[in-house]
Every structure is written in C-alpha cells, then in structure tokens.
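Everything below belongs to coords-v4.txt, which stores compact mmCIF, C-alpha atoms.
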# COMPACT_ATOMS: atom_id res chain seq x y z
CA MET A 1 26.78 -29.70 -5.51
CA SER A 2 26.36 -29.58 -9.28
CA GLU A 3 29.22 -28.54 -11.55
CA THR A 4 27.32 -25.36 -12.49
CA ALA A 5 26.48 -24.39 -8.91
CA GLU A 6 27.94 -21.16 -7.55
CA ARG A 7 30.46 -21.54 -4.77
CA ILE A 8 28.98 -21.74 -1.26
CA GLU A 9 31.40 -21.92 1.67
CA ARG A 10 30.00 -24.59 3.97
CA GLY A 11 31.28 -24.57 7.51
CA ALA A 12 32.72 -21.09 7.00
CA GLY A 13 30.92 -19.60 9.98
CA THR A 14 28.18 -17.96 7.87
CA ALA A 15 24.91 -19.83 7.31
CA VAL A 16 24.40 -21.02 3.74
CA TRP A 17 21.11 -19.15 3.40
CA ARG A 18 22.84 -15.91 4.43
CA GLN A 19 25.49 -16.44 1.76
CA ILE A 20 22.76 -16.91 -0.85
CA ALA A 21 20.92 -13.81 0.37
CA LEU A 22 24.15 -11.80 0.13
CA ALA A 23 24.91 -13.13 -3.35
CA MET A 24 21.43 -12.24 -4.61
CA GLU A 25 21.56 -8.82 -2.93
CA GLN A 26 24.88 -8.06 -4.60
CA ALA A 27 23.54 -9.20 -7.96
CA ILE A 28 20.51 -6.93 -7.62
CA ARG A 29 22.51 -3.92 -6.47
CA ARG A 30 25.01 -4.17 -9.31
CA GLY A 31 22.14 -4.27 -11.80
CA ASP A 32 22.11 -7.92 -12.87
CA TYR A 33 18.37 -7.85 -12.12
CA LYS A 34 16.51 -4.60 -12.84
CA PRO A 35 13.65 -3.18 -10.70
CA GLY A 36 10.38 -4.96 -11.42
CA ILE A 37 11.98 -7.93 -13.20
CA GLN A 38 11.03 -11.46 -12.21
CA LEU A 39 13.79 -13.39 -10.46
CA PRO A 40 14.66 -17.05 -11.09
CA THR A 41 12.38 -19.58 -9.41
CA GLU A 42 13.25 -21.30 -6.13
CA LYS A 43 14.13 -24.46 -8.07
CA GLN A 44 16.39 -22.56 -10.46
CA LEU A 45 18.18 -20.86 -7.57
CA ALA A 46 18.43 -24.14 -5.66
CA ASP A 47 20.12 -25.72 -8.68
CA ARG A 48 22.34 -22.68 -9.14
CA PHE A 49 23.62 -22.70 -5.55
CA GLY A 50 23.51 -26.47 -5.06
CA VAL A 51 21.12 -26.35 -2.10
CA ASN A 52 17.55 -27.36 -1.35
CA ARG A 53 14.56 -25.10 -2.00
CA HIS A 54 13.96 -24.51 1.72
CA THR A 55 17.38 -22.86 2.01
CA VAL A 56 16.64 -20.64 -1.00
CA ARG A 57 13.23 -19.73 0.44
CA GLN A 58 14.87 -18.68 3.72
CA ALA A 59 17.32 -16.45 1.84
CA MET A 60 14.67 -14.83 -0.36
CA ASN A 61 12.30 -14.28 2.57
CA ARG A 62 15.11 -12.34 4.22
CA LEU A 63 15.48 -10.12 1.14
CA ALA A 64 11.71 -9.64 1.11
CA GLU A 65 11.82 -8.50 4.75
CA THR A 66 14.36 -5.83 3.82
CA GLY A 67 12.17 -4.65 0.93
CA LEU A 68 14.69 -5.54 -1.77
CA VAL A 69 12.55 -8.35 -3.18
CA SER A 70 8.80 -8.76 -3.56
CA ILE A 71 7.34 -12.28 -3.26
CA GLU A 72 3.91 -12.56 -4.86
CA GLN A 73 1.99 -15.73 -4.20
CA GLY A 74 1.21 -17.60 -7.41
CA ARG A 75 3.40 -15.28 -9.51
CA GLY A 76 6.93 -15.57 -8.22
CA MET A 77 9.73 -13.35 -6.91
CA PHE A 78 10.48 -9.88 -8.25
CA VAL A 79 13.03 -7.15 -7.66
CA ALA A 80 11.24 -4.41 -5.73
CA GLU A 81 10.52 -1.29 -7.74
CA GLY A 82 11.39 2.21 -6.61
CA SER A 83 9.26 3.93 -3.99
CA LEU A 84 6.34 6.08 -5.15
CA ASP A 85 6.65 9.68 -3.91
CA TYR A 86 3.11 10.43 -2.69
CA ARG A 87 2.45 14.10 -1.98
CA ILE A 88 0.23 15.10 0.93
CA GLY A 89 -0.97 18.68 0.74
CA ALA A 90 -4.07 20.71 1.50
CA ARG A 91 -5.83 19.46 -1.65
CA THR A 92 -4.33 16.01 -2.21
CA ARG A 93 -6.29 13.99 -4.76
CA PHE A 94 -5.37 10.36 -5.39
CA THR A 95 -5.83 10.45 -9.17
CA GLU A 96 -4.06 13.78 -9.70
CA ASN A 97 -1.20 12.69 -7.46
CA LEU A 98 -0.48 9.60 -9.53
CA VAL A 99 -1.02 11.21 -12.92
CA THR A 100 1.62 13.84 -12.10
CA LYS A 101 4.01 10.93 -11.41
CA GLN A 102 3.09 9.38 -14.78
CA LYS A 103 1.38 6.49 -13.03
CA LYS A 104 -1.96 4.97 -13.96
CA PRO A 105 -4.32 5.30 -10.96
CA LEU A 106 -7.01 2.80 -10.06
CA ARG A 107 -9.22 2.89 -6.97
CA GLU A 108 -10.98 -0.42 -6.45
CA LEU A 109 -14.09 -0.69 -4.26
CA ILE A 110 -13.71 -3.53 -1.76
CA SER A 111 -16.77 -2.99 0.44
CA ALA A 112 -19.36 -0.43 1.55
CA ASP A 113 -21.11 -0.90 4.88
CA GLN A 114 -23.14 1.19 7.29
CA ILE A 115 -21.86 1.12 10.86
CA PRO A 116 -22.48 3.06 14.09
CA ALA A 117 -19.91 5.83 14.40
CA PRO A 118 -17.11 5.07 16.89
CA ALA A 119 -16.40 7.88 19.33
CA ASP A 120 -13.14 9.08 17.71
CA ILE A 121 -14.55 9.23 14.16
CA ALA A 122 -17.81 10.77 15.38
CA ARG A 123 -15.81 13.49 17.12
CA ALA A 124 -13.75 14.13 13.98
CA LEU A 125 -16.88 14.42 11.82
CA GLY A 126 -18.85 16.42 14.38
CA ILE A 127 -21.66 13.86 14.68
CA PRO A 128 -23.02 11.94 17.71
CA THR A 129 -21.33 8.72 18.74
CA GLY A 130 -23.31 5.82 17.30
CA ALA A 131 -24.80 7.89 14.46
CA PRO A 132 -25.04 6.01 11.14
CA LEU A 133 -21.77 6.08 9.24
CA TRP A 134 -20.79 4.85 5.80
CA GLN A 135 -17.50 2.93 5.75
CA ILE A 136 -16.15 2.55 2.21
CA GLU A 137 -13.06 0.36 1.80
CA THR A 138 -10.87 0.80 -1.29
CA ARG A 139 -7.69 -0.76 -2.63
CA ASN A 140 -5.57 1.77 -4.49
CA HIS A 141 -3.25 0.95 -7.38
CA ALA A 142 -0.37 2.76 -9.11
CA ASP A 143 -0.06 1.14 -12.53
CA ASP A 144 -0.58 -2.56 -11.80
CA ARG A 145 0.72 -2.46 -8.23
CA ALA A 146 -1.53 -2.17 -5.18
CA VAL A 147 0.10 0.48 -2.99
CA SER A 148 -2.47 1.28 -0.30
CA MET A 149 -5.76 0.50 1.39
CA SER A 150 -8.15 3.25 2.47
CA SER A 151 -11.14 3.38 4.82
CA HIS A 152 -13.38 6.36 3.98
CA PHE A 153 -16.01 7.37 6.54
CA PHE A 154 -19.00 9.63 5.82
CA SER A 155 -22.05 10.67 7.81
CA ALA A 156 -24.92 8.56 6.42
CA ASP A 157 -27.39 11.28 7.46
CA ARG A 158 -25.60 13.90 5.38
CA PHE A 159 -24.60 11.56 2.54
CA PRO A 160 -27.28 8.83 2.41
CA ASP A 161 -26.32 7.65 -1.10
CA MET A 162 -22.53 7.82 -0.82
CA PRO A 163 -21.79 4.17 -1.84
CA GLU A 164 -23.92 4.52 -4.98
CA LEU A 165 -22.38 7.90 -5.78
CA PHE A 166 -18.90 6.40 -5.42
CA ARG A 167 -19.82 3.55 -7.78
CA ARG A 168 -21.10 6.07 -10.34
CA ALA A 169 -18.12 8.43 -10.11
CA ASN A 170 -15.44 5.82 -9.34
CA SER A 171 -13.71 8.42 -7.15
CA ILE A 172 -14.22 10.10 -3.79
CA THR A 173 -13.91 13.59 -5.28
CA GLY A 174 -16.48 12.77 -7.96
CA ALA A 175 -18.86 11.25 -5.41
CA LEU A 176 -18.68 14.32 -3.19
CA LYS A 177 -19.35 16.57 -6.18
CA LEU A 178 -22.45 14.52 -7.00
CA ALA A 179 -23.47 14.97 -3.36
CA GLY A 180 -23.15 18.76 -3.67
CA VAL A 181 -19.66 19.26 -2.22
CA ALA A 182 -17.88 21.26 -4.92
CA ASP A 183 -14.49 21.25 -3.20
CA TYR A 184 -12.81 20.12 0.01
CA HIS A 185 -9.42 20.24 1.69
CA ARG A 186 -7.50 18.64 4.55
CA ARG A 187 -7.97 20.10 7.98
CA THR A 188 -5.77 17.64 9.88
CA THR A 189 -3.48 14.71 9.06
CA LYS A 190 -1.77 12.31 11.47
CA ILE A 191 0.80 9.74 10.35
CA ALA A 192 2.05 6.67 12.21
CA ALA A 193 3.85 3.41 11.39
CA ARG A 194 2.60 -0.05 12.38
CA LEU A 195 2.85 -3.66 11.30
CA ILE A 196 0.35 -4.50 8.60
CA ALA A 197 -3.01 -6.05 9.57
CA ALA A 198 -3.82 -9.53 8.28
CA ASN A 199 -6.57 -8.46 5.84
CA ASP A 200 -4.48 -5.59 4.44
CA ALA A 201 -1.52 -7.96 4.00
CA ARG A 202 -3.72 -10.29 1.97
CA LEU A 203 -5.17 -7.52 -0.21
CA LEU A 204 -1.80 -5.83 -0.78
CA ASP A 205 -0.01 -9.17 -1.18
CA LEU A 206 2.54 -8.33 1.51
CA PRO A 207 4.08 -10.43 4.31
CA ARG A 208 2.73 -9.90 7.82
CA THR A 209 6.17 -8.66 8.91
CA ARG A 210 5.94 -5.62 6.62
CA PRO A 211 5.28 -2.17 8.14
CA VAL A 212 2.68 0.25 6.80
CA LEU A 213 2.39 4.02 7.07
CA ILE A 214 -1.02 5.00 8.41
CA SER A 215 -2.44 8.41 7.50
CA GLU A 216 -5.55 9.61 9.37
CA THR A 217 -7.15 12.64 7.76
CA VAL A 218 -10.16 14.88 8.27
CA ASN A 219 -11.39 16.62 5.10
CA VAL A 220 -13.66 19.66 5.28
CA ASP A 221 -15.79 21.53 2.75
CA GLU A 222 -15.45 25.18 1.74
CA ARG A 223 -17.41 26.23 4.84
CA GLY A 224 -15.12 24.25 7.12
CA ARG A 225 -17.62 21.48 7.86
CA PRO A 226 -16.16 17.94 8.08
CA VAL A 227 -17.18 15.79 5.12
CA GLU A 228 -14.85 12.78 5.37
CA TYR A 229 -12.59 10.92 7.74
CA VAL A 230 -9.96 8.75 6.00
CA ARG A 231 -7.66 6.09 7.40
CA ALA A 232 -5.17 5.14 4.66
CA ARG A 233 -2.53 2.41 4.94
CA PHE A 234 0.46 2.69 2.60
CA ALA A 235 2.97 -0.11 1.96
CA ALA A 236 6.06 1.48 3.51
CA ASP A 237 8.48 -0.02 1.01
CA HIS A 238 6.36 1.06 -1.97
CA VAL A 239 5.44 4.61 -0.96
CA THR A 240 7.22 7.66 0.46
CA LEU A 241 4.91 10.31 1.93
CA SER A 242 5.95 13.89 1.14
CA ILE A 243 4.28 16.35 3.48
CA GLU A 244 3.62 19.86 2.18
CA HIS A 245 2.39 22.83 4.15
CA LEU A 246 -1.31 22.23 4.70
CA GLU A 247 -2.28 25.88 5.07
What would you get if you wrote out this structure as structure tokens?
Amino acid sequence: MSETAERIERGAGTAVWRQIALAMEQAIRRGDYKPGIQLPTEKQLADRFGVNRHTVRQAMNRLAETGLVSIEQGRGMFVAEGSLDYRIGARTRFTENLVTKQKKPLRELISADQIPAPADIARALGIPTGAPLWQIETRNHADDRAVSMSSHFFSADRFPDMPELFRRANSITGALKLAGVADYHRRTTKIAARLIAANDARLLDLPRTRPVLISETVNVDERGRPVEYVRARFAADHVTLSIEHLE
C-alpha cells in the first residue's frame, strides 16, 4: 500500500471492494463529488486505496447498480444526476414536458420500418392483425443525456408517409399535424417495470442489470379514433413518472 493510500482494513470481515464502495458512497453523499461530475479513473482510485483496478471496478460497478454512479463506456465514471420528473397527462408532449423543466429536448430517429401489425397493437389501433404498420424507433434526450427509447406505431394505410413526415417535422406532434391530425390525447396508459433489453441498454449506455419503466400508450384524435400506439422505455434511475388525471 502506498503512503498516500487511504486506509483499508484487510481481514476485517468486510471485503475490500465493499469498503471502497462505502468510502466512495460516503464521499458522494457528503458532497465531495457533485451530481454530474466525473469521478477519478480506476487507476487513480486504485492508487488512492492501494488496491488493483479489478477491485476498484467491482466497487464502482456496485455503486452503478444502486444508481449512485453512472459508468459510460469510453468516457469514464460520473456521479448520477438527479431524476427527471416526467409528467404523464392527457396531452403529454415530449418537447413541452422537457422545456417546462428547463431541459433541452432532442428526439433522435433510430429506425423506421414497415411491419405486419401484431395482434395486441392491431387491437389497440383498431386495425386488422397483420395490416401494414409503421414502427418508428426514437432515442430521447434531456440535455445531453439519453433518458428513454420509444417505439411509435402507426397504421401505414392511414399514415402512408409517416416516416418522411417525422423527418420533416422532427417530432411526432408535428408529423401528425402534417398528416392532418390537429390534436390528440391519451386514451389509455399502462406502466410496468422490467430489466432493460440488450439493444436499449446499448443505446442508453446502461448496464443490463438496470431496470426500465415501460409506458404503453394509445393516443386518439379529436374524434376518438386511435392514431398512435407508443411503447416507451425510461431509465428508472434517470426518470420519475408523475401521473396526472387523464380525463
């Protein structure tokens, strides 16, 4: 152990990596490291505690599992920022929601494909099973942080140009307006929690052990006709969903 290393009690009945995790947790909670700040590297922490990098990695992975630390591949380790309070109401709009929280919104198009409608989505949209369906995948950012993934489904018969309209408007609301839907609101919303899927974990830069909140929504136009089915996945440690009365 180097002369500058912090004291680690070896053989004290508590694993060394747990002692390091506790020391870093205490440092974060007392404000030594502020939310969003980059933490020392594995090598720096290994030198500080007089251990090898594997032991440090084990400790920091534990803090990442608890949501206290964010580990971003290629960038380093950061203190997790506060949770975004995301409001779900009858007329929730992604951009408006973030602007009211003084966050910069960005919705990034990942893919747009035409698929046959699965039975559950077809039922929600009031179309036959197997009918052509647009599936538009987006990654959604608050400031520079990716906070959710969304799958947007539209009837390709009713909205044949939806991917192009989305590219032009750069928003779902704008695309629907271009398609002749002046306004829409939520008819139903279901929320569940699950472990993150592999592709979502990669796109949101989260470990596979991290849970996500899944919101499944049916949006309808002013005449009550379904226009969109949405399956959104929110990073549970980045976002808190606030449910308002939907009526």
Item checked: Expected residue set, 10 Å radius at (0.6, -10.7, 6.5), all atoms listed in the file, as number ranges by chain -> A: 195-211
Export, as a compact mmCIF listing (two decimals), in the coordinates of the input, the selected residues with C-alpha atoms.
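Output contents, as saved in again-v5.txt:
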# COMPACT_ATOMS: atom_id res chain seq x y z
CA LEU A 195 2.85 -3.66 11.30
CA ILE A 196 0.35 -4.50 8.60
CA ALA A 197 -3.01 -6.05 9.57
CA ALA A 198 -3.82 -9.53 8.28
CA ASN A 199 -6.57 -8.46 5.84
CA ASP A 200 -4.48 -5.59 4.44
CA ALA A 201 -1.52 -7.96 4.00
CA ARG A 202 -3.72 -10.29 1.97
CA LEU A 203 -5.17 -7.52 -0.21
CA LEU A 204 -1.80 -5.83 -0.78
CA ASP A 205 -0.01 -9.17 -1.18
CA LEU A 206 2.54 -8.33 1.51
CA PRO A 207 4.08 -10.43 4.31
CA ARG A 208 2.73 -9.90 7.82
CA THR A 209 6.17 -8.66 8.91
CA ARG A 210 5.94 -5.62 6.62
CA PRO A 211 5.28 -2.17 8.14
Taking all atoms of range 226-230 of chain A that the file lists, what box with edges along x, y and z, padded by 4 Å per side, do you get, with centre and edge lengths in Å to one decimal, as lines of an AutoDock Vina configuration file?
center_x = -13.6
center_y = 13.3
center_z = 6.6
size_x = 15.2
size_y = 17.2
size_z = 11.0
(Q) Under the rule that all atoms listed in the file are counted, which of A:Ile172, A:Met24, A:Ala193, A:Ile136 is the nearest residue to Thr92 in chain A? (A)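 Nearest to Thr92 in chain A: A:Ile172.
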- request: Mind checking which residues fall within 10 Å of Asp113 in chain A, counting only C-alpha atoms, ignoring those fewer than 2 positions away in the same chain, and posting them as a ChimeraX atom specification?
  value: /A:111,115,133-137,153,163
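When CA of Leu68 in chain A is paired with CA of Arg231 in chain A, their separation reads 26.8 Å.
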With distances taken over all atoms listed in the file, the candidate from A:Glu244, A:Glu96, A:Glu25, A:Glu9 nearest Val79 in chain A is A:Glu25
The distance between CA of Ala192 in chain A and CA of Ala235 in chain A is 12.3 Å
Between range 44-134 of chain A and range 13-19 of chain A, at 9 Å or less, what are the per-residue closest atom pairs and their distances in Å? Count all atoms listed in the file, order by chain and rising residue number, and return it as CSV.
residue,atom,partner,partner_atom,distance
A:Val51,CA,A:Val16,CA,8.6
A:Thr55,CA,A:Trp17,CA,5.4
A:Val56,CA,A:Trp17,CA,6.4
A:Arg57,CA,A:Trp17,CA,8.4
A:Gln58,CA,A:Trp17,CA,6.3
A:Ala59,CA,A:Trp17,CA,4.9
A:Met60,CA,A:Trp17,CA,8.6
A:Arg62,CA,A:Arg18,CA,8.5
Could you write those residues out with C-alpha atoms, as a compact mmCIF listing (two decimals), in the frame of the given file?
# COMPACT_ATOMS: atom_id res chain seq x y z
CA VAL A 51 21.12 -26.35 -2.10
CA THR A 55 17.38 -22.86 2.01
CA VAL A 56 16.64 -20.64 -1.00
CA ARG A 57 13.23 -19.73 0.44
CA GLN A 58 14.87 -18.68 3.72
CA ALA A 59 17.32 -16.45 1.84
CA MET A 60 14.67 -14.83 -0.36
CA ARG A 62 15.11 -12.34 4.22
Rounded to one decimal place, report the CA of Pro160 in chain A-CA of Val181 in chain A distance in Å.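 CA of Val181 in chain A lies 13.7 Å from CA of Pro160 in chain A.
Of the listed residues (A:Glu108, A:Asp157, A:Asp183, A:Glu164), A:Glu108 comes nearest to His141 in chain A; the distances count all atoms listed in the file.
Residue nearest Ile121 in chain A, chosen from A:Arg93, A:Lys104, A:His152, A:Arg139 and counting all atoms listed in the file: A:His152.
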Practice prompt. Considering all atoms listed in the file, return as a list in words whatever protein or nucleic-acid residues lie within 7 Å of Phe234 in chain A, sequence-local ones (same chain, fewer than 6 positions apart) excluded.
Written response: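 Listed by chain and then number, they are Val147, Ser148, Met149, Val212, Leu213 and Ile214 of chain A.
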File dump, residues just selected, C-alpha atoms, as a CSV table (one decimal), keeping the file's coordinate frame:
chain,number,residue,atom,x,y,z
A,147,VAL,CA,0.1,0.5,-3.0
A,148,SER,CA,-2.5,1.3,-0.3
A,149,MET,CA,-5.8,0.5,1.4
A,212,VAL,CA,2.7,0.2,6.8
A,213,LEU,CA,2.4,4.0,7.1
A,214,ILE,CA,-1.0,5.0,8.4
For this session: Return the single residue from A:Tyr184, A:Tyr229, A:Phe78, A:Phe94 that is closest to Asp120 in chain A, with distances computed using all atoms listed in the file.
Result: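 Smallest separation from Asp120 in chain A among the options: A:Tyr229.
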(Q) I'd like to know which of A:Ile20, A:Ala169, A:Ile243, A:Val230 is closest to Ala90 in chain A, using only C-alpha atoms. (A)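 Ranked by minimum distance to Ala90 in chain A, first place goes to A:Ile243.
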### Query
So which residues are close to (14.9, -21.7, -10.8), meaning at most 12 Å away in the file's coordinates with only C-alpha atoms counted, and can you show them as number ranges by chain?
A: 38-53, 56-57, 76-77
As a list in words, please: the residues near Phe166 in chain A (cut-off 10 Å, all atoms listed in the file, same-chain neighbours under 2 positions excluded).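 Skipping anything fewer than 2 positions along the chain leaves Leu109, Ala112, Ile136, Asp161, Met162, Pro163, Glu164, Arg168, Ala169, Asn170, Ser171, Ile172, Thr173, Gly174, Ala175, Leu176, Leu178 and Ala179 of chain A.
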